[in-house]
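A.B. asks: Got query.txt for you, compact mmCIF, C-alpha atoms:
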```
# COMPACT_ATOMS: atom_id res chain seq x y z
CA MET G 1 42.89 134.61 38.57
CA SER G 2 39.82 135.15 40.72
CA ALA G 3 38.68 138.20 42.58
CA ALA G 4 38.91 136.19 45.78
CA ALA G 5 42.31 134.60 45.30
CA PRO G 6 44.57 137.42 46.59
CA LEU G 7 42.79 137.77 49.95
CA PRO G 8 40.81 134.58 50.58
CA VAL G 9 40.63 135.09 54.34
CA LEU G 10 38.73 138.32 53.80
CA ARG G 11 35.83 136.67 52.00
CA PRO G 12 32.56 135.64 53.65
CA ALA G 13 32.67 132.31 55.42
CA GLY G 14 31.20 129.40 53.49
CA LEU G 15 31.90 130.82 50.02
CA ASP G 16 33.68 128.43 47.67
CA LEU G 17 36.58 130.57 46.54
CA THR G 18 37.96 127.97 44.13
CA ASP G 19 34.79 127.66 42.02
CA PRO G 20 34.98 129.73 38.83
CA GLY G 21 31.33 129.07 38.11
CA ALA G 22 29.78 126.71 35.60
CA ALA G 23 27.22 126.85 32.82
CA PRO G 24 23.73 126.99 34.35
CA ASP G 25 22.04 123.61 34.81
CA PRO G 26 18.45 123.02 33.60
CA GLU G 27 16.91 124.30 36.84
CA GLU G 28 19.03 127.45 36.74
CA LEU G 29 18.10 127.98 33.09
CA ARG G 30 14.43 127.66 34.03
CA ARG G 31 14.91 130.27 36.72
CA LEU G 32 16.77 132.49 34.25
CA GLY G 33 13.85 132.19 31.85
CA GLU G 34 11.42 133.20 34.57
CA LEU G 35 13.44 136.30 35.34
CA VAL G 36 13.58 137.18 31.64
CA LEU G 37 9.78 137.28 31.67
CA THR G 38 9.33 138.97 35.06
CA VAL G 39 12.23 141.47 34.95
CA GLY G 40 13.72 141.80 31.47
CA ALA G 41 10.44 141.90 29.56
CA PRO G 42 8.78 144.56 31.79
CA ALA G 43 11.91 146.73 31.53
CA LEU G 44 11.80 146.38 27.73
CA VAL G 45 8.10 147.23 27.44
CA LEU G 46 8.32 150.19 29.80
CA SER G 47 11.39 151.55 27.99
CA LEU G 48 9.57 151.27 24.67
CA LEU G 49 6.39 152.99 25.85
CA LEU G 50 7.50 155.62 28.36
CA PRO G 51 9.15 157.88 25.73
CA LEU G 52 5.66 158.56 24.35
CA VAL G 53 5.05 160.51 27.55
CA VAL G 54 8.59 161.62 28.34
CA LYS G 55 9.62 163.03 24.94
CA PRO G 56 7.01 165.84 24.84
CA LEU G 57 7.91 166.76 28.42
CA LEU G 58 11.62 166.98 27.59
CA ALA G 59 10.89 169.23 24.60
CA ARG G 60 8.69 171.44 26.79
CA TRP G 61 11.39 171.67 29.47
CA GLY G 62 14.04 172.54 26.89
CA VAL G 63 16.19 169.46 27.53
CA LEU G 64 17.88 169.57 24.13
CA ASP G 65 21.27 168.59 22.78
CA VAL G 66 23.00 171.34 20.82
CA PRO G 67 25.92 170.13 18.62
CA ASN G 68 29.42 170.99 19.90
CA GLU G 69 33.03 169.91 19.33
CA ARG G 70 32.31 166.44 20.69
CA SER G 71 29.09 165.82 18.78
CA SER G 72 28.64 163.34 15.95
CA HIS G 73 25.39 165.00 14.83
CA GLN G 74 24.61 168.31 13.16
CA ARG G 75 21.15 169.25 14.44
CA THR G 76 19.57 170.00 17.78
CA VAL G 77 17.70 166.96 19.16
CA VAL G 78 15.86 166.00 22.33
CA ARG G 79 18.11 164.49 24.96
CA GLY G 80 17.36 163.20 28.44
CA MET G 81 15.41 160.19 27.15
CA GLY G 82 17.50 158.22 29.61
CA LEU G 83 14.87 159.39 32.09
CA ALA G 84 12.45 156.90 30.54
CA VAL G 85 15.10 154.18 30.54
CA ALA G 86 15.92 154.90 34.19
CA VAL G 87 12.29 154.61 35.24
CA ALA G 88 11.98 151.34 33.30
CA VAL G 89 15.12 149.78 34.77
CA LEU G 90 14.44 150.90 38.34
CA LEU G 91 10.78 149.84 38.28
CA ALA G 92 11.59 146.43 36.79
CA TYR G 93 14.43 145.69 39.21
CA GLY G 94 12.70 147.25 42.21
CA GLY G 95 9.53 145.36 41.37
CA ALA G 96 11.47 142.10 41.32
CA LEU G 97 12.79 142.82 44.81
CA LEU G 98 9.33 143.71 46.12
CA ALA G 99 7.85 140.57 44.56
CA GLY G 100 10.44 138.37 46.27
CA ALA G 101 12.18 137.25 43.08
CA VAL G 102 15.51 137.80 44.85
CA GLU G 103 15.35 135.64 47.97
CA VAL G 104 18.94 135.96 49.23
CA ASP G 105 21.50 138.78 49.19
CA ARG G 106 18.65 141.29 49.11
CA SER G 107 20.86 143.88 50.81
CA VAL G 108 23.36 143.56 47.96
CA ALA G 109 20.55 143.94 45.44
CA LEU G 110 19.33 147.07 47.21
CA VAL G 111 22.79 148.62 47.05
CA VAL G 112 22.96 148.01 43.29
CA LEU G 113 19.48 149.50 42.89
CA ALA G 114 20.49 152.54 44.94
CA VAL G 115 23.66 153.12 42.90
CA ALA G 116 21.68 153.02 39.66
CA ALA G 117 19.02 155.37 41.04
CA LEU G 118 21.45 157.90 42.52
CA CYS G 119 23.60 158.00 39.39
CA ALA G 120 20.54 158.49 37.21
CA ALA G 121 19.32 161.27 39.51
CA LEU G 122 22.67 163.04 39.30
CA GLY G 123 22.61 162.76 35.51
CA TRP G 124 19.10 164.20 35.40
CA VAL G 125 20.13 167.21 37.47
CA GLU G 126 23.01 167.77 35.05
CA ASP G 127 20.65 167.50 32.06
CA TYR G 128 18.01 169.78 33.52
CA ARG G 129 19.94 172.52 35.26
CA GLY G 130 23.66 171.73 35.10
CA VAL G 131 26.18 170.74 37.76
CA SER G 132 29.80 171.88 38.03
CA VAL G 133 32.53 169.40 37.17
CA ARG G 134 33.69 169.34 40.78
CA GLY G 135 30.16 168.86 42.00
CA ARG G 136 29.57 165.92 39.66
CA LEU G 137 32.84 164.27 40.61
CA ALA G 138 32.21 164.74 44.32
CA ALA G 139 28.74 163.23 43.99
CA GLN G 140 30.02 160.28 41.95
CA LEU G 141 32.76 159.55 44.47
CA GLY G 142 30.23 159.89 47.28
CA VAL G 143 27.92 157.33 45.68
CA GLY G 144 30.85 154.98 45.08
CA LEU G 145 32.12 155.36 48.63
CA ALA G 146 28.72 154.83 50.26
CA ALA G 147 27.86 151.84 48.08
CA THR G 148 31.21 150.10 48.51
CA GLY G 149 31.17 150.82 52.24
CA VAL G 150 27.81 149.10 52.65
CA LEU G 151 28.90 146.17 50.48
CA VAL G 152 32.14 145.73 52.42
CA SER G 153 30.18 145.69 55.66
CA VAL G 154 27.43 143.36 54.45
CA LEU G 155 29.75 140.90 52.71
CA GLY G 156 32.46 140.97 55.35
CA THR G 157 35.30 141.85 53.01
CA SER G 158 38.37 143.97 53.72
CA VAL G 159 38.11 147.74 54.02
CA TRP G 160 41.06 147.87 51.59
CA TRP G 161 38.54 147.29 48.81
CA LEU G 162 36.82 150.56 49.74
CA PRO G 163 38.94 152.86 47.52
CA VAL G 164 38.87 150.33 44.69
CA GLY G 165 35.10 150.16 44.59
CA THR G 166 34.73 153.91 45.06
CA LEU G 167 37.01 154.77 42.16
CA ALA G 168 35.62 151.99 39.95
CA ILE G 169 32.05 153.27 40.22
CA ALA G 170 32.96 156.93 39.73
CA ALA G 171 35.31 156.15 36.85
CA TYR G 172 32.91 153.95 34.91
CA VAL G 173 30.05 156.43 35.24
CA ASN G 174 32.27 158.93 33.43
CA MET G 175 33.48 156.37 30.89
CA ALA G 176 29.91 155.50 29.94
CA ASN G 177 29.22 159.22 29.59
CA PHE G 178 32.28 159.77 27.36
CA MET G 179 31.38 156.80 25.17
CA ASP G 180 27.79 157.93 24.61
CA GLY G 181 28.56 159.87 21.45
CA ILE G 182 26.91 158.05 18.53
CA ASN G 183 23.54 156.49 17.88
CA GLY G 184 23.12 152.96 19.17
CA ILE G 185 26.31 152.60 21.16
CA SER G 186 24.85 152.94 24.67
CA GLY G 187 21.71 150.97 23.91
CA LEU G 188 23.73 148.09 22.50
CA HIS G 189 26.26 148.27 25.34
CA GLY G 190 23.53 148.12 27.96
CA LEU G 191 21.87 145.22 26.16
CA ALA G 192 25.09 143.22 25.70
CA ALA G 193 26.69 143.90 29.09
CA GLY G 194 23.38 143.38 30.87
CA LEU G 195 22.90 139.97 29.27
CA LEU G 196 26.51 138.99 29.95
CA TYR G 197 26.13 139.94 33.62
CA ALA G 198 22.82 138.06 33.82
CA TRP G 199 24.57 134.94 32.47
CA ALA G 200 27.42 135.47 34.93
CA GLY G 201 24.88 135.67 37.74
CA ALA G 202 23.25 132.43 36.64
CA SER G 203 26.67 130.76 36.41
CA ASN G 204 27.55 131.86 39.94
CA ASP G 205 24.14 131.30 41.57
CA LEU G 206 23.55 135.02 42.22
CA THR G 207 19.89 135.72 41.53
CA TRP G 208 20.26 139.41 42.32
CA MET G 209 22.88 139.69 39.57
CA VAL G 210 20.67 137.89 37.05
CA ALA G 211 17.77 140.23 37.78
CA ALA G 212 19.95 143.35 37.68
CA GLY G 213 21.56 142.36 34.38
CA LEU G 214 18.20 141.60 32.77
CA ALA G 215 16.70 144.89 33.96
CA VAL G 216 19.59 146.82 32.39
CA ALA G 217 19.46 144.75 29.19
CA GLY G 218 15.72 145.17 28.79
CA GLY G 219 15.74 148.88 29.56
CA PHE G 220 18.47 149.76 27.09
CA ALA G 221 17.11 147.42 24.41
CA GLY G 222 13.85 149.36 24.59
CA PHE G 223 15.71 152.61 23.99
CA LEU G 224 17.28 151.42 20.72
CA PRO G 225 14.25 151.93 18.42
CA TRP G 226 13.92 155.50 19.68
CA ASN G 227 17.61 156.23 19.28
CA LEU G 228 17.92 154.66 15.84
CA GLY G 229 14.61 155.79 14.34
CA ARG G 230 13.91 158.90 12.31
CA GLY G 231 12.85 160.90 15.35
CA THR G 232 16.24 160.37 16.98
CA VAL G 233 16.55 161.16 20.67
CA PHE G 234 19.54 160.90 23.00
CA LEU G 235 19.96 159.39 26.44
CA GLY G 236 21.51 162.48 27.95
CA ASP G 237 23.53 162.31 31.15
CA VAL G 238 20.64 160.72 33.03
CA GLY G 239 20.89 157.71 30.71
CA SER G 240 24.66 157.44 30.43
CA TYR G 241 25.06 157.86 34.20
CA LEU G 242 22.44 155.18 34.72
CA LEU G 243 24.31 152.88 32.34
CA GLY G 244 27.69 153.42 33.96
CA GLY G 245 26.39 153.36 37.52
CA SER G 246 24.30 150.23 37.13
CA LEU G 247 27.01 148.21 35.39
CA ALA G 248 29.74 149.39 37.77
CA GLY G 249 27.49 148.74 40.75
CA ILE G 250 26.80 145.20 39.55
CA ALA G 251 30.50 144.58 38.88
CA VAL G 252 31.70 145.84 42.27
CA ALA G 253 28.98 143.97 44.18
CA ALA G 254 29.69 140.75 42.26
CA PHE G 255 33.46 141.10 42.73
CA LEU G 256 33.05 141.52 46.47
CA SER G 257 30.71 138.51 46.43
CA GLY G 258 33.52 136.35 45.04
CA VAL G 259 32.78 136.33 41.31
CA TYR G 260 35.91 135.93 39.19
CA VAL G 261 37.06 139.02 37.31
CA GLU G 262 36.94 137.08 34.03
CA TYR G 263 33.15 137.45 34.23
CA LEU G 264 33.20 141.11 35.23
CA LEU G 265 35.95 143.04 33.43
CA PRO G 266 35.56 141.88 29.79
CA PRO G 267 32.03 143.32 29.36
CA LEU G 268 33.48 146.72 30.35
CA ALA G 269 36.89 146.32 28.70
CA VAL G 270 36.22 148.13 25.41
CA TYR G 271 34.85 151.21 27.16
CA VAL G 272 37.77 151.22 29.60
CA ALA G 273 40.39 150.73 26.88
CA ASP G 274 38.88 153.33 24.52
CA THR G 275 38.58 155.96 27.25
CA ALA G 276 41.99 155.32 28.82
CA VAL G 277 43.94 155.30 25.56
CA THR G 278 42.12 158.38 24.26
CA LEU G 279 42.87 160.26 27.48
CA LEU G 280 46.56 159.30 27.36
CA ARG G 281 46.81 160.28 23.70
CA ARG G 282 45.33 163.71 24.37
CA VAL G 283 47.56 164.33 27.38
CA ARG G 284 50.68 163.32 25.44
CA ALA G 285 49.65 165.63 22.60
CA GLY G 286 49.40 168.53 25.04
CA GLU G 287 45.66 168.93 24.50
CA ASP G 288 43.20 170.08 27.15
CA TRP G 289 41.95 166.58 27.97
CA TYR G 290 38.86 167.87 29.78
CA ARG G 291 37.47 169.77 26.79
CA PRO G 292 34.88 168.26 24.39
CA HIS G 293 36.42 166.30 21.53
CA ARG G 294 35.79 163.64 18.91
CA SER G 295 38.94 161.55 19.20
CA HIS G 296 37.58 158.39 20.82
CA VAL G 297 38.19 155.24 18.79
CA TYR G 298 34.47 154.70 18.20
CA GLN G 299 34.17 158.27 16.86
CA ARG G 300 37.20 157.89 14.62
CA LEU G 301 35.62 154.73 13.22
CA THR G 302 32.77 156.87 11.89
CA ASP G 303 35.30 159.34 10.49
CA ALA G 304 36.95 156.39 8.72
CA GLY G 305 33.72 155.53 6.94
CA LEU G 306 31.60 153.41 9.26
CA SER G 307 28.05 154.44 10.06
CA HIS G 308 26.93 155.10 13.63
CA VAL G 309 25.35 151.66 13.75
CA GLY G 310 28.44 150.09 12.20
CA SER G 311 30.75 151.60 14.80
CA SER G 312 28.36 150.65 17.60
CA LEU G 313 28.22 147.07 16.34
CA VAL G 314 32.03 146.90 16.29
CA VAL G 315 32.17 148.01 19.93
CA THR G 316 29.45 145.56 20.91
CA GLY G 317 30.91 142.70 18.91
CA VAL G 318 34.33 143.12 20.50
CA THR G 319 32.68 143.28 23.93
CA VAL G 320 30.83 140.01 23.41
CA LEU G 321 33.86 138.29 21.87
CA VAL G 322 36.31 139.09 24.67
CA SER G 323 33.68 138.23 27.30
CA VAL G 324 32.90 134.81 25.86
CA VAL G 325 36.57 133.95 25.33
CA SER G 326 37.46 135.01 28.88
CA VAL G 327 34.80 132.81 30.47
CA LEU G 328 35.64 129.82 28.26
CA GLY G 329 39.32 130.18 29.16
CA LEU G 330 38.51 130.40 32.86
CA ARG G 331 36.45 127.22 32.82
CA THR G 332 38.95 125.25 30.73
CA GLY G 333 42.01 125.56 32.96
CA PRO G 334 45.03 127.72 33.90
CA THR G 335 46.75 127.47 30.52
CA ALA G 336 43.56 128.29 28.67
CA THR G 337 42.99 131.23 31.00
CA VAL G 338 46.40 132.68 30.10
CA LEU G 339 45.81 132.12 26.39
CA ALA G 340 42.38 133.70 26.66
CA GLY G 341 43.89 136.72 28.39
CA ALA G 342 46.44 137.11 25.61
CA PHE G 343 43.69 136.82 23.00
CA VAL G 344 41.61 139.48 24.76
CA LEU G 345 44.55 141.89 24.82
CA ALA G 346 45.21 141.24 21.13
CA VAL G 347 41.56 141.89 20.20
CA LEU G 348 41.47 145.09 22.26
CA GLY G 349 44.71 146.20 20.61
CA LEU G 350 43.21 145.56 17.18
CA TYR G 351 40.14 147.59 18.11
CA LEU G 352 42.29 150.52 19.21
CA VAL G 353 44.16 150.69 15.89
CA LEU G 354 41.17 149.83 13.69
CA PRO G 355 40.48 153.45 12.61
CA GLU G 356 44.03 153.79 11.26
CA LEU G 357 43.72 150.45 9.45
CA LEU G 358 40.46 151.53 7.83
CA VAL G 359 41.91 154.88 6.77
CA ARG G 360 44.94 153.18 5.18
CA ARG G 361 42.70 150.67 3.43
CA GLY G 362 40.56 153.50 2.04
CA ALA G 363 43.64 155.37 0.86
CA ARG G 364 44.94 152.28 -0.97
CA ARG G 365 41.59 151.79 -2.66
CA ARG G 366 41.52 155.41 -3.84
CA THR G 367 45.07 155.08 -5.14
CA ARG G 368 44.21 151.93 -7.12
CA ALA G 369 40.92 153.27 -8.47
CA PRO G 370 41.00 154.16 -12.18
CA ARG G 371 40.80 157.85 -12.99
```
The structure in this file should be written as structure tokens.
C.D. replies:
Amino acid sequence: MSAAAPLPVLRPAGLDLTDPGAAPDPEELRRLGELVLTVGAPALVLSLLLPLVVKPLLARWGVLDVPNERSSHQRTVVRGMGLAVAVAVLLAYGGALLAGAVEVDRSVALVVLAVAALCAALGWVEDYRGVSVRGRLAAQLGVGLAATGVLVSVLGTSVWWLPVGTLAIAAYVNMANFMDGINGISGLHGLAAGLLYAWAGASNDLTWMVAAGLAVAGGFAGFLPWNLGRGTVFLGDVGSYLLGGSLAGIAVAAFLSGVYVEYLLPPLAVYVADTAVTLLRRVRAGEDWYRPHRSHVYQRLTDAGLSHVGSSLVVTGVTVLVSVVSVLGLRTGPTATVLAGAFVLAVLGLYLVLPELLVRRGARRRTRAPR
């Protein structure tokens, strides 16, 4: 099912609403390669080098992460390194727009850039001085509303998509924040989802989407060595808000441009499923769902014995798997699309129960071990 199918008359004139996209041809692959060098590579290099300047500043400003009930670490570390990632992503993507790498749909590209920048700015304010929960939510909804409103106007789609886009952007910013709890998970998610969205852009002839995806992928790939090294640093809210805002902004803009949801939802599906199921579980248990906790699936995977990197790789692997299967099913035909959807649900279900399976497996091993 495509994003355009339910309301085809509300899509921009001239858009082929029956085309689910195809693998990029040689010319499109050449263009993709150019953007890797002119957008993805600069974002990667900047993200690798900027922490050399940013980290001492963060320590001086007291932007530190003190362990609490939600934390998966035991010592105080520097957070807010997402500031370096944000600068890298925004400069790389903004530079591509200024250089004319995106020749059409520049207004759409500017909206995506603005969403990423505003979300990162809100996260930085939260890191540096703190913002009330109501204030953060109001700002997130405001960014979502403004961005979707401009997109609806520019692309000529129905105003009924306005609440959908608004809530999608605000919700995913928070989901990315909730999921940023172990080393490597956000860096790998930004890398994987960014590359998947870049490929989706190439498949659907959307240069702005290719450039945006590569900027995100490069920026978060550059953060990984800093996050996984001995001198571990954290993204902070500035980084997780950037991650959620940029990916949600790309997804909403692409959806309203006619890209099929099979390209857009799977890269975000693990984060959505983990957050939604965890929230429901806590509400049903009578817990204060808004308080810090360590009951996300990815956190319980570390409790079950996986390392931070191991849990992060599971999340990333599932993300890539369901994304690839979804696109292959879409391009193969209606029956394959249904089967792919069923497979995706099964894989997500397996991910959600994986901590319990690992705990049971460990218990059986301990029972069988000789004393």
A.B. asks: Which polymer residues have any atom within 12 Å of an atom of G:Val315, counting all atoms listed in the file, with same-chain residues fewer than 4 positions away left out, as an MDAnalysis selection string?
C.D. replies: chainID G and resid 179:180 182 184:190 192:193 267:274 296:299 301:302 306 308:311 319:322 347:348 350:352 354
A.B. asks: What gap, in Å, lies between atom CA of G:Ser312 and atom CA of G:Gly181?
C.D. replies: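 Rounded to one decimal, the two atoms are 10.0 Å apart.
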A.B. asks: One decimal, in Å: what's the spacing between atom CA of G:Asn177 and atom CA of G:Ala139?
C.D. replies: 15.0 Å
A.B. asks: Measuring between all atoms listed in the file, which one of G:Leu265, G:Ala304, G:Leu155, G:Ala285 shows the shortest distance to G:Arg360?
C.D. replies: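 Closest to G:Arg360, using all atoms listed in the file: G:Ala304.
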A.B. asks: Name all residues at most 7 Å from stretch 21-38 of chain G (count all atoms listed in the file; drop same-chain ones fewer than 3 positions away) and give them as number ranges by chain.
C.D. replies: G: 41-42, 202-204, 211, 214
